[in-house]
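Colleague: Following this message is one structure expressed as structure tokens.
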Amino acid sequence: MSKLPAALPAPQRGQPCSCGSGKSYDLCCEPILKAVRPAATAEELMRSRFTAHVARDYAHLHRSYAGTASEAYVELPDEPAIGWTRLEIHAHEPNAQPDLSYVEFSAYYVDANNEYVLQEKAEFRRHPATGWIYTRPVRTGPAPAKAAVKPGRNDPCSCGSGRKYKHCCISKAA
């Protein structure tokens, strides 16, 4: 039986940041969580939102989400405590529009006897006054599998023989 990863502890100054950037918390997500400075990129905001989950800083999550940012934050006494273990950023895709960006990520957490993953491609928008804000999930779950491209008859064979596909493995593929 494999051992489950431990939930991340609350972030501390001088310690590695929970977001996995490799920077210390005080140089990475803390200034964003404490509203000292805005996130410079959509990826940086995504990392700060993950760290806010670990730190249980629900006020930051509230103000960095377009659906709630314009409303006053009201702390709920029974906010769920989830044991987040790690964040993986798969892609940060700036858009042709400079104020629109996408971040694809996997956020892992433990609950009871299992580890789970939240996979999402998220949309972020930059507002001139407030900076980057999380707007919506574009896709939840893993990215769709891409179909393999079948070689053309006159393409080199993918087996590495140096022969054309039509004289090599085309008969095996049928």
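To be explicit about the labels: the chains of the structure tokens are called A, B, and onward in the order shown, and within each one the residues are counted from 1, while ligands get numbers from 1 in the order they are shown.
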Just want the 12 Å neighbourhood of Asp57 of chain A, counted on only C-alpha atoms, with same-chain residues fewer than 3 positions away dropped. Output as a PyMOL selection string.
Modeller: chain A and resi 10-11+29-30+32-35+48-54+60-64+73+75-76+79-81
Colleague: Report the residues of segment 38-139 of chain A whose backbone DSSP state falls under alpha helix (DSSP H), written as a ChimeraX atom specification.
Modeller: /A:42-55,58-63
Colleague: May I have the selected residues written with N, CA and C atoms, as a short mmCIF file (atom, residue, chain, number, x, y, z; two decimals), in the first residue's frame?
Modeller:
```
data_model
loop_
_atom_site.label_atom_id
_atom_site.label_comp_id
_atom_site.auth_asym_id
_atom_site.auth_seq_id
_atom_site.Cartn_x
_atom_site.Cartn_y
_atom_site.Cartn_z
N ALA A 42 -1.21 35.95 -15.02
CA ALA A 42 -2.31 35.05 -14.65
C ALA A 42 -1.76 33.84 -13.90
N GLU A 43 -0.63 33.32 -14.32
CA GLU A 43 -0.03 32.18 -13.62
C GLU A 43 0.31 32.54 -12.18
N GLU A 44 0.84 33.72 -11.97
CA GLU A 44 1.17 34.17 -10.61
C GLU A 44 -0.09 34.26 -9.75
N LEU A 45 -1.19 34.74 -10.33
CA LEU A 45 -2.45 34.78 -9.59
C LEU A 45 -2.92 33.37 -9.29
N MET A 46 -2.82 32.45 -10.24
CA MET A 46 -3.22 31.07 -10.00
C MET A 46 -2.42 30.47 -8.86
N ARG A 47 -1.12 30.70 -8.86
CA ARG A 47 -0.27 30.19 -7.78
C ARG A 47 -0.69 30.78 -6.43
N SER A 48 -1.00 32.07 -6.41
CA SER A 48 -1.41 32.71 -5.15
C SER A 48 -2.76 32.16 -4.69
N ARG A 49 -3.64 31.83 -5.62
CA ARG A 49 -4.94 31.26 -5.23
C ARG A 49 -4.75 29.86 -4.62
N PHE A 50 -3.83 29.07 -5.16
CA PHE A 50 -3.55 27.76 -4.55
C PHE A 50 -2.99 27.96 -3.15
N THR A 51 -2.03 28.87 -3.01
CA THR A 51 -1.45 29.13 -1.70
C THR A 51 -2.50 29.64 -0.73
N ALA A 52 -3.45 30.43 -1.21
CA ALA A 52 -4.54 30.90 -0.35
C ALA A 52 -5.39 29.73 0.15
N HIS A 53 -5.60 28.74 -0.70
CA HIS A 53 -6.32 27.54 -0.24
C HIS A 53 -5.55 26.85 0.87
N VAL A 54 -4.24 26.70 0.70
CA VAL A 54 -3.40 26.05 1.71
C VAL A 54 -3.43 26.86 3.01
N ALA A 55 -3.34 28.19 2.90
CA ALA A 55 -3.32 29.07 4.06
C ALA A 55 -4.71 29.33 4.64
N TYR A 58 -9.41 32.75 2.74
CA TYR A 58 -10.59 32.79 1.88
C TYR A 58 -10.91 34.20 1.41
N ALA A 59 -10.41 35.20 2.10
CA ALA A 59 -10.62 36.59 1.66
C ALA A 59 -9.90 36.83 0.33
N HIS A 60 -8.69 36.29 0.18
CA HIS A 60 -7.96 36.44 -1.08
C HIS A 60 -8.69 35.71 -2.20
N LEU A 61 -9.19 34.52 -1.92
CA LEU A 61 -9.93 33.77 -2.93
C LEU A 61 -11.18 34.55 -3.35
N HIS A 62 -11.82 35.19 -2.42
CA HIS A 62 -13.03 35.97 -2.68
C HIS A 62 -12.72 37.18 -3.58
N ARG A 63 -11.65 37.92 -3.25
CA ARG A 63 -11.35 39.14 -4.01
C ARG A 63 -10.66 38.86 -5.34
#
```
Colleague: Which polymer residues have any atom within 10 Å of an atom of Leu4 of chain A, counting only C-alpha atoms, with same-chain residues fewer than 3 positions away left out, as a ChimeraX atom specification?
Modeller: /A:1,7,85,109-115
Colleague: Taking into account only C-alpha atoms, which residue in the set A:Pro144, A:Gly67, A:Pro38, A:Pro16 is nearest to Thr130 of chain A?
Modeller: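 For Thr130 of chain A, the nearest of the given residues is A:Pro38.
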Colleague: Give the strand (DSSP E or B) residues of chain A, as DSSP finds them on the backbone, and put them as an NGL selection string.
Modeller: :A and (16 or 24 or 65 or 83-94 or 100-111 or 114-127 or 131-140 or 156 or 164)
Colleague: Rounded to one decimal, what separation in Å do you get between atom CA of Tyr108 of chain A and atom CA of His92 of chain A?
Modeller: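 About the pair atom CA of Tyr108 of chain A and atom CA of His92 of chain A: they are 18.3 Å apart.
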Colleague: Between A:Ala122, A:Cys17, A:Ala107, A:Ala72, which residue has the minimum interatomic distance to Tyr134 of chain A, considering only C-alpha atoms?
Modeller: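 Result for the nearest residue to Tyr134 of chain A: A:Ala122.
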Colleague: Given only C-alpha atoms as the basis, pick out the residue of A:Thr140, A:Ser158, A:Ser70, A:Ser24 nearest to Val117 of chain A.
Modeller: A:Thr140
